[in-house]
Structure formats: structure tokens, C-alpha cells
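File shown here: start.cif, holding mmCIF, C-alpha atoms.
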data_my_file
#
loop_
_atom_site.group_PDB
_atom_site.id
_atom_site.type_symbol
_atom_site.label_atom_id
_atom_site.label_comp_id
_atom_site.auth_asym_id
_atom_site.auth_seq_id
_atom_site.Cartn_x
_atom_site.Cartn_y
_atom_site.Cartn_z
ATOM 1 C CA MET P 1 0.000 0.000 0.000
ATOM 2 C CA ARG P 2 1.279 3.426 -0.881
ATOM 3 C CA ALA P 3 0.072 6.791 0.350
ATOM 4 C CA VAL P 4 1.072 10.287 -0.616
ATOM 5 C CA VAL P 5 0.090 12.494 2.309
ATOM 6 C CA GLN P 6 -0.089 16.265 1.969
ATOM 7 C CA ARG P 7 -0.738 18.839 4.653
ATOM 8 C CA VAL P 8 -3.370 21.169 3.194
ATOM 9 C CA LYS P 9 -5.208 24.366 4.063
ATOM 10 C CA ASP P 10 -8.237 23.010 2.208
ATOM 11 C CA ALA P 11 -9.073 20.425 -0.437
ATOM 12 C CA PHE P 12 -11.997 19.153 -2.449
ATOM 13 C CA VAL P 13 -12.669 16.574 -5.137
ATOM 14 C CA THR P 14 -15.304 16.649 -7.855
ATOM 15 C CA VAL P 15 -16.726 13.977 -10.144
ATOM 16 C CA ASP P 16 -18.695 15.186 -13.164
ATOM 17 C CA GLY P 17 -18.731 18.696 -11.672
ATOM 18 C CA VAL P 18 -20.236 17.554 -8.352
ATOM 19 C CA VAL P 19 -18.236 17.790 -5.109
ATOM 20 C CA SER P 20 -17.909 14.309 -3.620
ATOM 21 C CA GLY P 21 -15.644 15.242 -0.719
ATOM 22 C CA SER P 22 -14.134 18.342 0.844
ATOM 23 C CA ILE P 23 -12.172 19.370 3.909
ATOM 24 C CA GLU P 24 -10.767 22.491 5.430
ATOM 25 C CA LYS P 25 -7.379 22.263 7.172
ATOM 26 C CA GLY P 26 -6.089 18.709 7.320
ATOM 27 C CA LEU P 27 -4.576 15.914 5.270
ATOM 28 C CA LEU P 28 -5.044 15.033 1.632
ATOM 29 C CA VAL P 29 -4.206 11.354 1.130
ATOM 30 C CA TYR P 30 -3.722 9.726 -2.254
ATOM 31 C CA LEU P 31 -3.986 5.973 -1.623
ATOM 32 C CA GLY P 32 -2.683 3.223 -3.898
ATOM 33 C CA ILE P 33 -3.338 -0.464 -3.248
ATOM 34 C CA SER P 34 -1.627 -3.569 -4.615
ATOM 35 C CA ASP P 35 -2.897 -7.147 -4.727
ATOM 36 C CA SER P 36 -0.466 -8.110 -1.955
ATOM 37 C CA ASP P 37 -2.083 -5.670 0.492
ATOM 38 C CA ASP P 38 -4.507 -6.978 3.077
ATOM 39 C CA GLU P 39 -6.757 -5.764 5.891
ATOM 40 C CA ASN P 40 -3.884 -5.811 8.410
ATOM 41 C CA ILE P 41 -1.732 -3.516 6.248
ATOM 42 C CA CYS P 42 -4.778 -1.332 5.605
ATOM 43 C CA LYS P 43 -5.369 -0.850 9.336
ATOM 44 C CA LYS P 44 -1.684 -0.157 10.038
ATOM 45 C CA MET P 45 -1.488 2.405 7.242
ATOM 46 C CA ALA P 46 -4.617 4.205 8.466
ATOM 47 C CA GLU P 47 -3.186 4.362 11.975
ATOM 48 C CA LYS P 48 0.164 5.606 10.665
ATOM 49 C CA VAL P 49 -1.475 8.391 8.656
ATOM 50 C CA ALA P 50 -3.582 9.415 11.648
ATOM 51 C CA LYS P 51 -0.549 9.588 13.947
ATOM 52 C CA LEU P 52 1.732 11.589 11.640
ATOM 53 C CA ARG P 53 2.950 14.670 13.498
ATOM 54 C CA ILE P 54 3.245 17.095 10.604
ATOM 55 C CA PHE P 55 1.334 20.117 11.909
ATOM 56 C CA THR P 56 3.244 22.902 13.621
ATOM 57 C CA ASP P 57 3.045 23.638 17.307
ATOM 58 C CA GLU P 58 3.321 27.062 18.956
ATOM 59 C CA LYS P 59 7.109 26.971 18.461
ATOM 60 C CA GLY P 60 6.788 26.341 14.716
ATOM 61 C CA LYS P 61 7.953 22.704 14.931
ATOM 62 C CA MET P 62 6.123 19.871 13.194
ATOM 63 C CA ASN P 63 4.963 18.183 16.357
ATOM 64 C CA LEU P 64 1.165 17.899 16.164
ATOM 65 C CA SER P 65 -1.035 15.205 14.648
ATOM 66 C CA ILE P 66 -4.392 15.500 12.948
ATOM 67 C CA SER P 67 -6.152 14.693 16.224
ATOM 68 C CA ASP P 68 -4.183 17.372 18.086
ATOM 69 C CA ILE P 69 -5.575 20.089 15.826
ATOM 70 C CA GLY P 70 -9.036 18.603 15.199
ATOM 71 C CA ALA P 71 -8.669 18.602 11.420
ATOM 72 C CA SER P 72 -10.077 16.353 8.689
ATOM 73 C CA ILE P 73 -8.787 13.929 6.051
ATOM 74 C CA LEU P 74 -9.647 13.670 2.358
ATOM 75 C CA VAL P 75 -8.823 10.255 0.837
ATOM 76 C CA ILE P 76 -8.522 9.789 -2.926
ATOM 77 C CA SER P 77 -7.928 6.411 -4.597
ATOM 78 C CA GLN P 78 -4.813 6.595 -6.792
ATOM 79 C CA PHE P 79 -3.870 3.401 -8.617
ATOM 80 C CA THR P 80 -1.108 5.226 -10.509
ATOM 81 C CA LEU P 81 0.989 5.199 -7.325
ATOM 82 C CA PHE P 82 1.929 1.692 -8.486
ATOM 83 C CA ALA P 83 2.919 2.812 -11.990
ATOM 84 C CA ASN P 84 6.251 1.496 -13.244
ATOM 85 C CA VAL P 85 8.171 3.475 -15.862
ATOM 86 C CA LYS P 86 11.447 1.579 -15.636
ATOM 87 C CA GLY P 87 12.728 1.104 -19.172
ATOM 88 C CA CYS P 88 9.712 2.766 -20.776
ATOM 89 C CA ASN P 89 7.849 6.045 -21.014
ATOM 90 C CA ARG P 90 4.324 4.673 -20.906
ATOM 91 C CA PRO P 91 3.483 3.637 -17.335
ATOM 92 C CA SER P 92 2.825 -0.018 -16.663
ATOM 93 C CA LEU P 93 0.053 -0.325 -14.091
ATOM 94 C CA SER P 94 0.355 -4.070 -13.540
ATOM 95 C CA GLY P 95 1.433 -3.472 -9.920
ATOM 96 C CA ALA P 96 -1.877 -1.850 -9.000
ATOM 97 C CA GLY P 97 -4.462 -3.986 -7.229
ATOM 98 C CA LYS P 98 -7.389 -5.484 -9.082
ATOM 99 C CA PRO P 99 -10.408 -3.165 -8.804
ATOM 100 C CA GLY P 100 -12.553 -5.321 -6.480
ATOM 101 C CA HIS P 101 -9.697 -5.968 -4.057
ATOM 102 C CA ALA P 102 -8.467 -2.370 -4.184
ATOM 103 C CA GLN P 103 -11.916 -0.891 -3.646
ATOM 104 C CA ALA P 104 -12.546 -3.082 -0.593
ATOM 105 C CA LEU P 105 -9.262 -1.992 0.991
ATOM 106 C CA TYR P 106 -9.801 1.652 0.031
ATOM 107 C CA GLU P 107 -13.178 1.545 1.778
ATOM 108 C CA GLY P 108 -11.561 -0.282 4.706
ATOM 109 C CA PHE P 109 -8.898 2.440 5.015
ATOM 110 C CA VAL P 110 -11.591 5.125 5.123
ATOM 111 C CA SER P 111 -13.605 3.060 7.615
ATOM 112 C CA HIS P 112 -10.576 2.638 9.904
ATOM 113 C CA LEU P 113 -9.980 6.389 9.919
ATOM 114 C CA ARG P 114 -13.640 7.073 10.673
ATOM 115 C CA GLY P 115 -13.538 4.430 13.403
ATOM 116 C CA LEU P 116 -10.677 6.375 14.990
ATOM 117 C CA GLY P 117 -13.007 9.375 15.146
ATOM 118 C CA TYR P 118 -11.849 11.414 12.158
ATOM 119 C CA ASN P 119 -14.005 13.337 9.723
ATOM 120 C CA VAL P 120 -13.097 11.779 6.369
ATOM 121 C CA GLY P 121 -14.093 12.990 2.927
ATOM 122 C CA THR P 122 -13.611 10.789 -0.135
ATOM 123 C CA GLY P 123 -13.455 10.744 -3.861
ATOM 124 C CA VAL P 124 -15.300 8.127 -5.908
ATOM 125 C CA PHE P 125 -13.347 4.913 -6.424
ATOM 126 C CA GLY P 126 -12.564 4.311 -10.096
ATOM 127 C CA ALA P 127 -14.016 7.632 -11.265
ATOM 128 C CA HIS P 128 -12.270 10.371 -13.215
ATOM 129 C CA MET P 129 -11.817 13.018 -10.510
ATOM 130 C CA HIS P 130 -10.640 16.598 -10.301
ATOM 131 C CA VAL P 131 -8.825 17.430 -7.066
ATOM 132 C CA ARG P 132 -8.110 20.963 -5.905
ATOM 133 C CA TYR P 133 -6.161 21.863 -2.827
ATOM 134 C CA GLU P 134 -3.836 24.375 -1.256
ATOM 135 C CA ASN P 135 -0.735 22.628 0.020
ATOM 136 C CA ASP P 136 0.415 24.008 3.380
ATOM 137 C CA GLY P 137 4.192 24.228 3.675
ATOM 138 C CA PRO P 138 4.451 22.478 1.315
ATOM 139 C CA VAL P 139 4.528 19.285 3.341
ATOM 140 C CA THR P 140 4.286 16.037 1.346
ATOM 141 C CA LEU P 141 5.204 12.553 2.589
ATOM 142 C CA CYS P 142 5.381 9.290 0.641
ATOM 143 C CA LEU P 143 4.515 6.190 2.685
ATOM 144 C CA ASP P 144 5.051 2.640 1.455
ATOM 145 C CA SER P 145 3.841 -0.293 3.537
ATOM 146 C CA ASP P 146 6.725 -2.448 2.265
ATOM 147 C CA GLN P 147 9.126 -0.031 3.949
ATOM 148 C CA LEU P 148 7.051 0.737 7.029
ATOM 149 C CA PHE P 149 5.768 -2.624 8.237
#

Structure encoded using C-alpha cells:
Amino acid sequence: MRAVVQRVKDAFVTVDGVVSGSIEKGLLVYLGISDSDDENICKKMAEKVAKLRIFTDEKGKMNLSISDIGASILVISQFTLFANVKGCNRPSLSGAGKPGHAQALYEGFVSHLRGLGYNVGTGVFGAHMHVRYENDGPVTLCLDSDQLF
């Protein structure tokens, strides 16, 4: 499982011109899932994202988590996080999870975050989406379950 996590001032996602999810200050998470991912990895990744201390405290240090500031999370499915361009210019997406498996884990990731008490907005799995946000910092982290767990 791969996640690109961005600290944002605000973010929203639209599908066919209709807003499907929006947040004010918080985290924008692009989530990619492979066929080797499972519910255990999904839960660990959700907990890791929730515990990231990337918001600044009163001294200007990144020391606060999403729960410390009472912010929200917007989660967008992003199968291209498993794109491979080694030796070619056209991305191979064979590393991305099959749609049924990936959608179940995407929904599980969102469910885990909500179960931890967070307000979570979402895109629409498999849809063509437009995402707008204002990156705060900028702060962007790349998480890979193969390296983390």
C-alpha cells in the first residue's frame, strides 16, 4: 500500500462537476493499493497516517497530529501510485491492485480512519476526478507499507 500524504489548508474533489468530498485544514491522502495488500496492512497504514505529526506547534515545529488540531482527512484512490516506468515512457500499471480488491481496501482504510473518530471525505473509487487543494508548507510525505511494516 502506498500513500502520498499532503498537509493542506483546504481540499476538495469533484466527479462530473459535483463535489464528492471536501475538507478544510487537514490531510489530503492519495492511496494506492496492490494485490499483496490486506486488511492488516490497511489498518496499520490508516493508523500511521492518523498519527503523523506534521502540523506545527506554537514553536513552529512539526509536532502535532491531525487529532491534536481537530482537522479532517480527504482520501482519494490513486492506482497510478503503483505505476512502473522503468525502461519505458508509458506507465505499466500491472502493480496496481485489481479493482474489487483495491476498492474493498480503500473503503476499509476510510472506515478505519472514521472508526478512529476522524471526519473523512472521499473521492469516488474508479471515477475520473478533479482534485483541488492548497498545500500548506508544502509538506508532502510518501509512505510505502513495504518499507514501514

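Proximity of P:Leu148, P:Leu31, P:Ile69, P:Ile23 to Ala96 (chain P), computed with only C-alpha atoms, is greatest for P:Leu31.
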
Contacts of region 77-89 of chain P at 6 Å or less, counting all atoms listed in the file, minus same-chain residues fewer than 2 places along, as a VMD selection string? chain P and resid 30 to 32 91 to 93 95 to 96 125

Which neighbours of region 36-45 of chain P fall inside 9 Å, counting all atoms listed in the file, when residues of the same chain fewer than 6 positions from it are skipped, and could you give them as a list in words? Met1, Arg2, Ala3, Gly97, His101, Ala102, Leu105, Tyr106, Gly108, Phe109, His112, Leu113, Leu143, Asp144, Ser145, Leu148 and Phe149 of chain P

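Proximity of P:Glu24, P:Glu58, P:Glu107, P:Glu47 to Gly70 (chain P), computed with only C-alpha atoms, is greatest for P:Glu24.
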
Smallest atom-to-atom distance to Leu27 (chain P): which of P:Gly115, P:Gly121, P:Gly126, P:Gly100, using all atoms listed in the file? P:Gly121

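Residue nearest Tyr118 (chain P), chosen from P:Thr14, P:Ser20, P:Ser65, P:Gln6 and counting all atoms listed in the file: P:Ser65.
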
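Coordinates place CA of Ala71 (chain P) at a distance of 18.5 Å from CA of Val131 (chain P).
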
Please expand the PyMOL selection byres ((chain P and resi 55) around 12) into the concrete residues it hits in this file, giving the result as a PDB file with C-alpha atoms, in the frame of the given file.
ATOM      1  CA  GLN P   6      -0.089  16.265   1.969  1.00  0.00           C
ATOM      2  CA  ARG P   7      -0.738  18.839   4.653  1.00  0.00           C
ATOM      3  CA  VAL P   8      -3.370  21.169   3.194  1.00  0.00           C
ATOM      4  CA  LYS P   9      -5.208  24.366   4.063  1.00  0.00           C
ATOM      5  CA  LYS P  25      -7.379  22.263   7.172  1.00  0.00           C
ATOM      6  CA  GLY P  26      -6.089  18.709   7.320  1.00  0.00           C
ATOM      7  CA  LEU P  27      -4.576  15.914   5.270  1.00  0.00           C
ATOM      8  CA  ALA P  50      -3.582   9.415  11.648  1.00  0.00           C
ATOM      9  CA  LYS P  51      -0.549   9.588  13.947  1.00  0.00           C
ATOM     10  CA  LEU P  52       1.732  11.589  11.640  1.00  0.00           C
ATOM     11  CA  ARG P  53       2.950  14.670  13.498  1.00  0.00           C
ATOM     12  CA  ILE P  54       3.245  17.095  10.604  1.00  0.00           C
ATOM     13  CA  THR P  56       3.244  22.902  13.621  1.00  0.00           C
ATOM     14  CA  ASP P  57       3.045  23.638  17.307  1.00  0.00           C
ATOM     15  CA  GLU P  58       3.321  27.062  18.956  1.00  0.00           C
ATOM     16  CA  LYS P  59       7.109  26.971  18.461  1.00  0.00           C
ATOM     17  CA  GLY P  60       6.788  26.341  14.716  1.00  0.00           C
ATOM     18  CA  LYS P  61       7.953  22.704  14.931  1.00  0.00           C
ATOM     19  CA  MET P  62       6.123  19.871  13.194  1.00  0.00           C
ATOM     20  CA  ASN P  63       4.963  18.183  16.357  1.00  0.00           C
ATOM     21  CA  LEU P  64       1.165  17.899  16.164  1.00  0.00           C
ATOM     22  CA  SER P  65      -1.035  15.205  14.648  1.00  0.00           C
ATOM     23  CA  ILE P  66      -4.392  15.500  12.948  1.00  0.00           C
ATOM     24  CA  SER P  67      -6.152  14.693  16.224  1.00  0.00           C
ATOM     25  CA  ASP P  68      -4.183  17.372  18.086  1.00  0.00           C
ATOM     26  CA  ILE P  69      -5.575  20.089  15.826  1.00  0.00           C
ATOM     27  CA  GLY P  70      -9.036  18.603  15.199  1.00  0.00           C
ATOM     28  CA  ALA P  71      -8.669  18.602  11.420  1.00  0.00           C
ATOM     29  CA  ASP P 136       0.415  24.008   3.380  1.00  0.00           C
ATOM     30  CA  GLY P 137       4.192  24.228   3.675  1.00  0.00           C
ATOM     31  CA  PRO P 138       4.451  22.478   1.315  1.00  0.00           C
ATOM     32  CA  VAL P 139       4.528  19.285   3.341  1.00  0.00           C
ATOM     33  CA  THR P 140       4.286  16.037   1.346  1.00  0.00           C
TER      34      THR P 140
END

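Take the candidates P:Gln147, P:Ser72, P:Ala127, P:Asn135 and check each one against Val110 (chain P) using only C-alpha atoms; the shortest distance goes to P:Ser72.
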
Neighbour list for Asp16 (chain P) as a ChimeraX atom specification, cut-off 12 Å, all atoms listed in the file, skip fewer than 3 positions in-chain: /P:13,19-20,123-124,127-131

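Note that CA of Ser34 (chain P) and CA of Glu134 (chain P) are 28.2 Å apart.
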
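Separating CA of Asp10 (chain P) from CA of Ile33 (chain P) is a distance of 24.6 Å.
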